[in-house]
$ cat protein-v7.pdb   # PDB, C-alpha atoms and all ligand atoms
ATOM      1  CA  MET A  26     -12.362  73.105 -12.500  1.00  0.00           C
ATOM      2  CA  THR A  27     -13.256  76.740 -11.832  1.00  0.00           C
ATOM      3  CA  HIS A  28     -12.251  80.285 -12.742  1.00  0.00           C
ATOM      4  CA  SER A  29     -10.258  79.644 -15.882  1.00  0.00           C
ATOM      5  CA  ALA A  30     -10.224  79.431 -19.618  1.00  0.00           C
ATOM      6  CA  TYR A  31     -11.545  76.084 -20.641  1.00  0.00           C
ATOM      7  CA  LYS A  32     -12.164  74.664 -24.057  1.00  0.00           C
ATOM      8  CA  SER A  33     -14.906  72.470 -25.378  1.00  0.00           C
ATOM      9  CA  ALA A  34     -13.970  68.999 -26.601  1.00  0.00           C
ATOM     10  CA  TYR A  35     -16.043  66.137 -27.990  1.00  0.00           C
ATOM     11  CA  ILE A  36     -14.939  62.544 -27.538  1.00  0.00           C
ATOM     12  CA  GLY A  37     -16.215  59.572 -29.509  1.00  0.00           C
ATOM     13  CA  ILE A  38     -16.447  56.373 -27.460  1.00  0.00           C
ATOM     14  CA  GLY A  39     -16.661  52.868 -28.935  1.00  0.00           C
ATOM     15  CA  SER A  40     -16.431  49.281 -27.726  1.00  0.00           C
ATOM     16  CA  ASN A  41     -17.222  45.843 -29.083  1.00  0.00           C
ATOM     17  CA  LEU A  42     -15.520  43.525 -26.589  1.00  0.00           C
ATOM     18  CA  ASP A  43     -15.917  42.486 -22.941  1.00  0.00           C
ATOM     19  CA  ALA A  44     -19.364  43.892 -22.115  1.00  0.00           C
ATOM     20  CA  PRO A  45     -19.344  46.978 -24.336  1.00  0.00           C
ATOM     21  CA  ILE A  46     -22.182  48.742 -22.506  1.00  0.00           C
ATOM     22  CA  ASN A  47     -20.260  48.533 -19.226  1.00  0.00           C
ATOM     23  CA  GLN A  48     -17.049  49.628 -20.916  1.00  0.00           C
ATOM     24  CA  ILE A  49     -18.737  52.744 -22.239  1.00  0.00           C
ATOM     25  CA  GLN A  50     -20.609  53.642 -19.069  1.00  0.00           C
ATOM     26  CA  GLN A  51     -17.411  53.261 -17.113  1.00  0.00           C
ATOM     27  CA  ALA A  52     -15.450  55.324 -19.630  1.00  0.00           C
ATOM     28  CA  ILE A  53     -17.957  58.180 -19.275  1.00  0.00           C
ATOM     29  CA  GLN A  54     -17.433  58.142 -15.486  1.00  0.00           C
ATOM     30  CA  GLU A  55     -13.681  58.138 -16.005  1.00  0.00           C
ATOM     31  CA  LEU A  56     -13.859  61.089 -18.403  1.00  0.00           C
ATOM     32  CA  ALA A  57     -15.835  62.956 -15.737  1.00  0.00           C
ATOM     33  CA  GLN A  58     -12.961  62.396 -13.322  1.00  0.00           C
ATOM     34  CA  LEU A  59     -10.055  63.468 -15.519  1.00  0.00           C
ATOM     35  CA  PRO A  60      -7.989  66.265 -14.002  1.00  0.00           C
ATOM     36  CA  ARG A  61      -8.789  69.766 -15.296  1.00  0.00           C
ATOM     37  CA  CYS A  62     -11.802  68.398 -17.158  1.00  0.00           C
ATOM     38  CA  GLU A  63     -15.510  68.609 -16.554  1.00  0.00           C
ATOM     39  CA  LEU A  64     -18.144  66.412 -18.148  1.00  0.00           C
ATOM     40  CA  VAL A  65     -20.779  68.614 -19.770  1.00  0.00           C
ATOM     41  CA  SER A  66     -22.969  65.903 -21.260  1.00  0.00           C
ATOM     42  CA  ALA A  67     -22.940  62.403 -22.658  1.00  0.00           C
ATOM     43  CA  SER A  68     -25.185  60.966 -25.356  1.00  0.00           C
ATOM     44  CA  SER A  69     -27.263  57.832 -25.117  1.00  0.00           C
ATOM     45  CA  LEU A  70     -25.609  54.600 -26.057  1.00  0.00           C
ATOM     46  CA  TYR A  71     -26.066  53.398 -29.642  1.00  0.00           C
ATOM     47  CA  GLY A  72     -25.732  49.973 -31.184  1.00  0.00           C
ATOM     48  CA  SER A  73     -23.927  49.931 -34.537  1.00  0.00           C
ATOM     49  CA  LYS A  74     -22.710  47.457 -37.122  1.00  0.00           C
ATOM     50  CA  PRO A  75     -18.936  47.374 -37.486  1.00  0.00           C
ATOM     51  CA  MET A  76     -17.456  49.752 -39.982  1.00  0.00           C
ATOM     52  CA  GLY A  77     -14.528  47.912 -41.554  1.00  0.00           C
ATOM     53  CA  PRO A  78     -14.051  44.149 -41.181  1.00  0.00           C
ATOM     54  CA  GLN A  79     -17.429  42.472 -40.603  1.00  0.00           C
ATOM     55  CA  ASP A  80     -16.075  39.425 -38.746  1.00  0.00           C
ATOM     56  CA  GLN A  81     -16.249  41.171 -35.383  1.00  0.00           C
ATOM     57  CA  PRO A  82     -19.050  41.862 -32.882  1.00  0.00           C
ATOM     58  CA  ASP A  83     -21.411  44.828 -33.211  1.00  0.00           C
ATOM     59  CA  TYR A  84     -20.283  48.030 -31.516  1.00  0.00           C
ATOM     60  CA  VAL A  85     -21.715  50.206 -28.828  1.00  0.00           C
ATOM     61  CA  ASN A  86     -20.973  53.900 -29.400  1.00  0.00           C
ATOM     62  CA  ALA A  87     -21.548  57.187 -27.600  1.00  0.00           C
ATOM     63  CA  VAL A  88     -20.191  60.727 -27.570  1.00  0.00           C
ATOM     64  CA  ALA A  89     -19.169  62.831 -24.573  1.00  0.00           C
ATOM     65  CA  HIS A  90     -18.818  66.602 -24.357  1.00  0.00           C
ATOM     66  CA  ILE A  91     -16.248  67.917 -21.902  1.00  0.00           C
ATOM     67  CA  HIS A  92     -14.786  71.256 -20.913  1.00  0.00           C
ATOM     68  CA  THR A  93     -11.056  71.061 -20.416  1.00  0.00           C
ATOM     69  CA  GLU A  94      -8.053  73.169 -19.529  1.00  0.00           C
ATOM     70  CA  LEU A  95      -5.704  70.527 -20.942  1.00  0.00           C
ATOM     71  CA  GLU A  96      -3.811  71.027 -24.173  1.00  0.00           C
ATOM     72  CA  PRO A  97      -4.997  68.732 -26.965  1.00  0.00           C
ATOM     73  CA  LEU A  98      -1.990  66.390 -26.801  1.00  0.00           C
ATOM     74  CA  THR A  99      -2.210  66.190 -23.027  1.00  0.00           C
ATOM     75  CA  LEU A 100      -5.870  65.295 -23.342  1.00  0.00           C
ATOM     76  CA  LEU A 101      -4.895  62.672 -25.949  1.00  0.00           C
ATOM     77  CA  ASP A 102      -2.382  61.201 -23.471  1.00  0.00           C
ATOM     78  CA  ALA A 103      -5.134  60.987 -20.849  1.00  0.00           C
ATOM     79  CA  LEU A 104      -7.524  59.296 -23.307  1.00  0.00           C
ATOM     80  CA  GLN A 105      -4.900  56.762 -24.335  1.00  0.00           C
ATOM     81  CA  GLN A 106      -4.183  56.033 -20.696  1.00  0.00           C
ATOM     82  CA  LEU A 107      -7.879  55.285 -20.165  1.00  0.00           C
ATOM     83  CA  GLU A 108      -7.887  52.996 -23.210  1.00  0.00           C
ATOM     84  CA  HIS A 109      -4.898  51.238 -21.728  1.00  0.00           C
ATOM     85  CA  GLN A 110      -6.663  50.816 -18.384  1.00  0.00           C
ATOM     86  CA  HIS A 111      -9.450  49.083 -20.265  1.00  0.00           C
ATOM     87  CA  GLN A 112      -6.975  46.494 -21.541  1.00  0.00           C
ATOM     88  CA  ARG A 113      -7.112  47.901 -25.035  1.00  0.00           C
ATOM     89  CA  VAL A 114      -4.853  45.776 -27.197  1.00  0.00           C
ATOM     90  CA  ARG A 115      -4.065  46.933 -30.692  1.00  0.00           C
ATOM     91  CA  GLU A 116      -3.976  43.868 -32.856  1.00  0.00           C
ATOM     92  CA  ARG A 117      -5.114  44.411 -36.395  1.00  0.00           C
ATOM     93  CA  ARG A 118      -6.124  47.669 -38.005  1.00  0.00           C
ATOM     94  CA  TRP A 119      -9.864  48.228 -37.641  1.00  0.00           C
ATOM     95  CA  GLY A 120     -10.148  45.144 -35.449  1.00  0.00           C
ATOM     96  CA  PRO A 121     -12.288  44.719 -32.332  1.00  0.00           C
ATOM     97  CA  ARG A 122     -11.520  46.724 -29.200  1.00  0.00           C
ATOM     98  CA  THR A 123     -12.561  46.998 -25.553  1.00  0.00           C
ATOM     99  CA  LEU A 124     -12.426  50.798 -25.624  1.00  0.00           C
ATOM    100  CA  ASP A 125     -11.738  53.383 -28.257  1.00  0.00           C
ATOM    101  CA  LEU A 126     -11.657  57.070 -27.328  1.00  0.00           C
ATOM    102  CA  ASP A 127     -11.385  59.459 -30.270  1.00  0.00           C
ATOM    103  CA  LEU A 128     -10.883  63.174 -29.884  1.00  0.00           C
ATOM    104  CA  LEU A 129     -13.427  64.396 -32.440  1.00  0.00           C
ATOM    105  CA  LEU A 130     -13.423  68.164 -32.014  1.00  0.00           C
ATOM    106  CA  PHE A 131     -11.388  70.554 -29.923  1.00  0.00           C
ATOM    107  CA  ASP A 132     -12.630  74.098 -29.574  1.00  0.00           C
ATOM    108  CA  GLN A 133     -13.077  74.778 -33.324  1.00  0.00           C
ATOM    109  CA  GLN A 134      -9.345  74.150 -33.799  1.00  0.00           C
ATOM    110  CA  TYR A 135      -7.604  72.374 -36.635  1.00  0.00           C
ATOM    111  CA  ILE A 136      -4.849  70.108 -35.364  1.00  0.00           C
ATOM    112  CA  ASP A 137      -2.515  68.304 -37.731  1.00  0.00           C
ATOM    113  CA  HIS A 138       0.067  66.458 -35.685  1.00  0.00           C
ATOM    114  CA  PRO A 139       1.589  62.986 -36.234  1.00  0.00           C
ATOM    115  CA  ARG A 140      -0.393  61.729 -33.223  1.00  0.00           C
ATOM    116  CA  LEU A 141      -3.572  63.684 -33.644  1.00  0.00           C
ATOM    117  CA  GLN A 142      -5.804  65.024 -36.395  1.00  0.00           C
ATOM    118  CA  VAL A 143      -8.743  67.195 -35.381  1.00  0.00           C
ATOM    119  CA  PRO A 144     -11.478  67.313 -36.551  1.00  0.00           C
ATOM    120  CA  HIS A 145     -11.317  63.529 -36.526  1.00  0.00           C
ATOM    121  CA  ILE A 146     -10.794  62.177 -40.045  1.00  0.00           C
ATOM    122  CA  GLY A 147     -13.754  59.799 -40.086  1.00  0.00           C
ATOM    123  CA  LEU A 148     -16.286  62.165 -38.544  1.00  0.00           C
ATOM    124  CA  GLN A 149     -18.306  62.952 -41.666  1.00  0.00           C
ATOM    125  CA  GLN A 150     -18.941  59.344 -42.704  1.00  0.00           C
ATOM    126  CA  ARG A 151     -19.669  57.863 -39.291  1.00  0.00           C
ATOM    127  CA  ASN A 152     -23.324  57.748 -38.326  1.00  0.00           C
ATOM    128  CA  PHE A 153     -22.249  56.304 -34.944  1.00  0.00           C
ATOM    129  CA  VAL A 154     -20.464  59.616 -34.275  1.00  0.00           C
ATOM    130  CA  LEU A 155     -22.772  62.153 -35.946  1.00  0.00           C
ATOM    131  CA  TYR A 156     -26.096  61.013 -34.456  1.00  0.00           C
ATOM    132  CA  PRO A 157     -24.872  60.901 -30.841  1.00  0.00           C
ATOM    133  CA  LEU A 158     -23.222  64.315 -31.398  1.00  0.00           C
ATOM    134  CA  ALA A 159     -26.522  65.706 -32.660  1.00  0.00           C
ATOM    135  CA  GLU A 160     -28.307  64.347 -29.617  1.00  0.00           C
ATOM    136  CA  ILE A 161     -26.136  66.406 -27.230  1.00  0.00           C
ATOM    137  CA  SER A 162     -25.182  69.430 -29.409  1.00  0.00           C
ATOM    138  CA  PRO A 163     -27.618  69.823 -32.305  1.00  0.00           C
ATOM    139  CA  GLN A 164     -26.354  73.343 -33.131  1.00  0.00           C
ATOM    140  CA  LEU A 165     -22.717  72.297 -33.536  1.00  0.00           C
ATOM    141  CA  SER A 166     -20.616  73.309 -36.566  1.00  0.00           C
ATOM    142  CA  LEU A 167     -17.201  72.187 -37.747  1.00  0.00           C
ATOM    143  CA  PRO A 168     -14.304  74.666 -37.920  1.00  0.00           C
ATOM    144  CA  ASN A 169     -14.882  74.947 -41.697  1.00  0.00           C
ATOM    145  CA  GLY A 170     -18.399  76.201 -41.073  1.00  0.00           C
ATOM    146  CA  THR A 171     -20.244  73.022 -42.095  1.00  0.00           C
ATOM    147  CA  SER A 172     -23.136  72.460 -39.738  1.00  0.00           C
ATOM    148  CA  LEU A 173     -23.704  69.140 -38.057  1.00  0.00           C
ATOM    149  CA  GLN A 174     -27.167  69.206 -39.613  1.00  0.00           C
ATOM    150  CA  GLN A 175     -25.631  69.272 -43.106  1.00  0.00           C
ATOM    151  CA  LEU A 176     -23.455  66.277 -42.253  1.00  0.00           C
ATOM    152  CA  LEU A 177     -26.462  64.363 -40.925  1.00  0.00           C
ATOM    153  CA  ASP A 178     -28.382  65.078 -44.128  1.00  0.00           C
ATOM    154  CA  ASN A 179     -25.623  63.209 -45.989  1.00  0.00           C
ATOM    155  CA  CYS A 180     -25.154  60.340 -43.546  1.00  0.00           C
ATOM    156  CA  PRO A 181     -27.964  57.769 -43.342  1.00  0.00           C
ATOM    157  CA  LEU A 182     -29.021  56.450 -39.968  1.00  0.00           C
ATOM    158  CA  ALA A 183     -28.852  52.955 -41.550  1.00  0.00           C
ATOM    159  CA  ASP A 184     -28.394  50.267 -38.866  1.00  0.00           C
ATOM    160  CA  LEU A 185     -27.734  52.635 -35.972  1.00  0.00           C
ATOM    161  CA  VAL A 186     -30.059  52.071 -33.005  1.00  0.00           C
ATOM    162  CA  GLN A 187     -30.400  54.072 -29.815  1.00  0.00           C
ATOM    163  CA  LEU A 188     -30.140  51.622 -26.915  1.00  0.00           C
ATOM    164  CA  ALA A 189     -32.516  51.823 -23.977  1.00  0.00           C
ATOM    165  CA  VAL A 190     -30.018  51.486 -21.124  1.00  0.00           C
TER
HETATM  166  N1  LIG B 201     -17.433  50.562 -36.229  1.00  0.00           N
HETATM  167  C1  LIG B 201     -18.404  50.983 -35.404  1.00  0.00           C
HETATM  168  N2  LIG B 201     -19.678  50.704 -35.714  1.00  0.00           N
HETATM  169  N3  LIG B 201     -18.136  51.674 -34.280  1.00  0.00           N
HETATM  170  C2  LIG B 201     -16.861  51.998 -33.946  1.00  0.00           C
HETATM  171  O1  LIG B 201     -16.629  52.654 -32.911  1.00  0.00           O
HETATM  172  C3  LIG B 201     -15.817  51.592 -34.793  1.00  0.00           C
HETATM  173  N4  LIG B 201     -14.521  51.895 -34.522  1.00  0.00           N
HETATM  174  C4  LIG B 201     -13.555  51.544 -35.335  1.00  0.00           C
HETATM  175  C5  LIG B 201     -13.787  50.774 -36.595  1.00  0.00           C
HETATM  176  C6  LIG B 201     -12.989  49.510 -36.547  1.00  0.00           C
HETATM  177  C7  LIG B 201     -13.345  51.656 -37.769  1.00  0.00           C
HETATM  178  N5  LIG B 201     -15.170  50.437 -36.791  1.00  0.00           N
HETATM  179  C8  LIG B 201     -16.147  50.862 -35.946  1.00  0.00           C
HETATM  180  O2  LIG B 201     -12.331  51.930 -35.053  1.00  0.00           O
END
$ encode --input "protein-v7.pdb" --output "structure tokens" --more "lines below"
Ligand code: ROI
Amino acid sequence: MTHSAYKSAYIGIGSNLDAPINQIQQAIQELAQLPRCELVSASSLYGSKPMGPQDQPDYVNAVAHIHTELEPLTLLDALQQLEHQHQRVRERRWGPRTLDLDLLLFDQQYIDHPRLQVPHIGLQQRNFVLYPLAEISPQLSLPNGTSLQQLLDNCPLADLVQLAV
């Protein structure tokens, strides 16, 4: 991707089924290969306790930063296609999954569409999103001006652990 107007997007990655570490490492490679996208950076992998129903395995989470020329909904289509390739099956709400790709932030835009809300609704409460984000973009702010640092100050690290992989 060269010579054109690209936008910055952050993608939250989660898995708690079928070798989660592999799922996430593979997903990062796949994001790097999306058309009209460039991988800028990816965080470490983090181990986290499930948010929501507790009768499911622990999660592995990470965040990727990309530059993209795609429109937000086209990027969403591409992310959902990757989820599908990872045999993602939607069973119950907040149930376990092989791969979850959430569009967290898109170029300081607000998006309110039936398929897509950006910034991602759960961002502020999710340590498994905020800490990996801070690792790769500590100076980041939300479109409303709130700094990532402020969000971190209000979101305990709790059980989140950086994995050595
Ligand atoms: N919990 C954790 N720790 N990590 C996730 O990625 C995650 N994703 C989800 C729900 C089920 C809300 N819980 C999660 O979608």
$ resolve_selection --input "protein-v7.pdb" --expression "the PyMOL selection byres (((chain A and resi 100) around 12) and not hetatm)" --output "ChimeraX atom specification"
/A:32-36,56,59-62,91-99,101-107,126-131,140-141
$ resolve_selection --input "protein-v7.pdb" --expression "the PyMOL selection byres (((chain A and resi 43) around 10) and not hetatm)" --output "NGL selection string"
:A and (40-42 or 44-48 or 111-112 or 122-124)
$ axis_aligned_box --input "protein-v7.pdb" --around "ligand LIG 201 (chain B)" --padding-each-side "4 Å" --output "JSON"
{"center_x": -16.0, "center_y": 51.1, "center_z": -35.3, "size_x": 15.3, "size_y": 11.1, "size_z": 12.9}
$ closest_atom_pairs --input "protein-v7.pdb" --of "stretch 49-144 of chain A" --to "stretch 151-167 of chain A" --cutoff "6 Å" --atoms "only C-alpha atoms" --output "Markdown table"
| residue | atom | partner | partner_atom | distance |
| --- | --- | --- | --- | --- |
| A:Ser68 | CA | A:Pro157 | CA | 5.5 |
| A:Ala87 | CA | A:Pro157 | CA | 5.9 |
| A:Val88 | CA | A:Pro157 | CA | 5.7 |
$ residues_near_ligand --input "protein-v7.pdb" --ligand "ligand LIG 201 (chain B)" --cutoff "6 Å" --atoms "all atoms listed in the file" --output "PyMOL selection string"
chain A and resi 39+73-77+84+86+119-120
$ residues_around --input "protein-v7.pdb" --residues "A:Asn169" --least-positions-apart "4" --cutoff "12 Å" --atoms "all atoms listed in the file" --output "PDB file with C-alpha atoms, in the coordinates of the input"
ATOM      1  CA  LEU A 130     -13.423  68.164 -32.014  1.00  0.00           C
ATOM      2  CA  GLN A 133     -13.077  74.778 -33.324  1.00  0.00           C
ATOM      3  CA  GLN A 134      -9.345  74.150 -33.799  1.00  0.00           C
ATOM      4  CA  TYR A 135      -7.604  72.374 -36.635  1.00  0.00           C
ATOM      5  CA  VAL A 143      -8.743  67.195 -35.381  1.00  0.00           C
ATOM      6  CA  PRO A 144     -11.478  67.313 -36.551  1.00  0.00           C
ATOM      7  CA  LEU A 165     -22.717  72.297 -33.536  1.00  0.00           C
ATOM      8  CA  LEU A 173     -23.704  69.140 -38.057  1.00  0.00           C
TER       9      LEU A 173
END
$ atom_distance --input "protein-v7.pdb" --atom1 "atom CA of A:Arg117" --atom2 "atom CA of A:Glu55"
26.0 Å
$ atom_distance --input "protein-v7.pdb" --atom1 "atom CA of A:Gly37" --atom2 "atom CA of A:Asp178"
19.8 Å
$ residues_around --input "protein-v7.pdb" --residues "A:Val190" --least-positions-apart "3" --cutoff "12 Å" --atoms "all atoms listed in the file" --output "PyMOL selection string"
chain A and resi 46-47+49-50+68-72+85+186-187
$ write_last_selection --input "protein-v7.pdb" --atoms "C-alpha atoms" --output "short mmCIF file (atom, residue, chain, number, x, y, z; two decimals), in the coordinates of the input"
data_model
loop_
_atom_site.label_atom_id
_atom_site.label_comp_id
_atom_site.auth_asym_id
_atom_site.auth_seq_id
_atom_site.Cartn_x
_atom_site.Cartn_y
_atom_site.Cartn_z
CA ILE A 46 -22.18 48.74 -22.51
CA ASN A 47 -20.26 48.53 -19.23
CA ILE A 49 -18.74 52.74 -22.24
CA GLN A 50 -20.61 53.64 -19.07
CA SER A 68 -25.18 60.97 -25.36
CA SER A 69 -27.26 57.83 -25.12
CA LEU A 70 -25.61 54.60 -26.06
CA TYR A 71 -26.07 53.40 -29.64
CA GLY A 72 -25.73 49.97 -31.18
CA VAL A 85 -21.72 50.21 -28.83
CA VAL A 186 -30.06 52.07 -33.01
CA GLN A 187 -30.40 54.07 -29.82
#
$ atom_distance --input "protein-v7.pdb" --atom1 "atom CA of A:Asp83" --atom2 "atom CA of A:Ser66"
24.3 Å
$ closest_residue --input "protein-v7.pdb" --among "A:Val114, A:His109, A:Leu176, A:Leu182" --to "A:Leu148" --atoms "only C-alpha atoms"
A:Leu176
$ build_atoms --input "protein-v7.pdb" --residues "stretch 81-102 of chain A" --atoms "N, CA, C and O atoms" --output "tab-separated table (two decimals), in the coordinates of the input"
chain	number	residue	atom	x	y	z
A	81	GLN	N	-16.47	40.75	-36.76
A	81	GLN	CA	-16.25	41.17	-35.38
A	81	GLN	C	-17.62	41.54	-34.82
A	81	GLN	O	-18.55	41.80	-35.57
A	82	PRO	N	-17.75	41.57	-33.48
A	82	PRO	CA	-19.05	41.86	-32.88
A	82	PRO	C	-19.53	43.28	-33.21
A	82	PRO	O	-18.72	44.15	-33.55
A	83	ASP	N	-20.85	43.49	-33.08
A	83	ASP	CA	-21.41	44.83	-33.21
A	83	ASP	C	-20.80	45.74	-32.15
A	83	ASP	O	-20.34	45.29	-31.10
A	84	TYR	N	-20.84	47.03	-32.43
A	84	TYR	CA	-20.28	48.03	-31.52
A	84	TYR	C	-21.36	48.69	-30.68
A	84	TYR	O	-22.53	48.74	-31.06
A	85	VAL	N	-20.93	49.21	-29.55
A	85	VAL	CA	-21.72	50.21	-28.83
A	85	VAL	C	-20.92	51.51	-28.91
A	85	VAL	O	-19.69	51.51	-28.73
A	86	ASN	N	-21.62	52.59	-29.24
A	86	ASN	CA	-20.97	53.90	-29.40
A	86	ASN	C	-21.71	54.98	-28.62
A	86	ASN	O	-22.91	54.87	-28.36
A	87	ALA	N	-20.98	56.01	-28.26
A	87	ALA	CA	-21.55	57.19	-27.60
A	87	ALA	C	-20.60	58.35	-27.83
A	87	ALA	O	-19.47	58.15	-28.32
A	88	VAL	N	-21.05	59.54	-27.48
A	88	VAL	CA	-20.19	60.73	-27.57
A	88	VAL	C	-20.31	61.50	-26.26
A	88	VAL	O	-21.41	61.61	-25.70
A	89	ALA	N	-19.18	62.00	-25.78
A	89	ALA	CA	-19.17	62.83	-24.57
A	89	ALA	C	-18.67	64.23	-24.91
A	89	ALA	O	-17.79	64.40	-25.76
A	90	HIS	N	-19.25	65.20	-24.24
A	90	HIS	CA	-18.82	66.60	-24.36
A	90	HIS	C	-18.16	66.99	-23.04
A	90	HIS	O	-18.76	66.83	-21.98
A	91	ILE	N	-16.93	67.46	-23.12
A	91	ILE	CA	-16.25	67.92	-21.90
A	91	ILE	C	-15.78	69.37	-22.06
A	91	ILE	O	-15.63	69.86	-23.19
A	92	HIS	N	-15.56	70.01	-20.95
A	92	HIS	CA	-14.79	71.26	-20.91
A	92	HIS	C	-13.43	70.89	-20.32
A	92	HIS	O	-13.36	70.12	-19.36
A	93	THR	N	-12.39	71.44	-20.90
A	93	THR	CA	-11.06	71.06	-20.42
A	93	THR	C	-10.08	72.22	-20.46
A	93	THR	O	-10.18	73.09	-21.34
A	94	GLU	N	-9.18	72.23	-19.52
A	94	GLU	CA	-8.05	73.17	-19.53
A	94	GLU	C	-6.81	72.50	-20.10
A	94	GLU	O	-5.77	73.14	-20.21
A	95	LEU	N	-6.87	71.24	-20.43
A	95	LEU	CA	-5.70	70.53	-20.94
A	95	LEU	C	-5.43	70.94	-22.39
A	95	LEU	O	-6.35	71.27	-23.14
A	96	GLU	N	-4.18	70.87	-22.77
A	96	GLU	CA	-3.81	71.03	-24.17
A	96	GLU	C	-4.25	69.76	-24.91
A	96	GLU	O	-4.32	68.68	-24.32
A	97	PRO	N	-4.50	69.89	-26.22
A	97	PRO	CA	-5.00	68.73	-26.96
A	97	PRO	C	-4.15	67.47	-26.80
A	97	PRO	O	-4.69	66.37	-26.59
A	98	LEU	N	-2.81	67.60	-26.89
A	98	LEU	CA	-1.99	66.39	-26.80
A	98	LEU	C	-1.96	65.82	-25.39
A	98	LEU	O	-1.81	64.60	-25.20
A	99	THR	N	-2.13	66.67	-24.40
A	99	THR	CA	-2.21	66.19	-23.03
A	99	THR	C	-3.53	65.45	-22.81
A	99	THR	O	-3.57	64.41	-22.14
A	100	LEU	N	-4.59	65.99	-23.40
A	100	LEU	CA	-5.87	65.30	-23.34
A	100	LEU	C	-5.76	63.95	-24.06
A	100	LEU	O	-6.24	62.93	-23.56
A	101	LEU	N	-5.10	63.94	-25.22
A	101	LEU	CA	-4.89	62.67	-25.95
A	101	LEU	C	-4.16	61.65	-25.08
A	101	LEU	O	-4.54	60.47	-25.03
A	102	ASP	N	-3.11	62.10	-24.39
A	102	ASP	CA	-2.38	61.20	-23.47
A	102	ASP	C	-3.34	60.60	-22.44
A	102	ASP	O	-3.29	59.41	-22.15
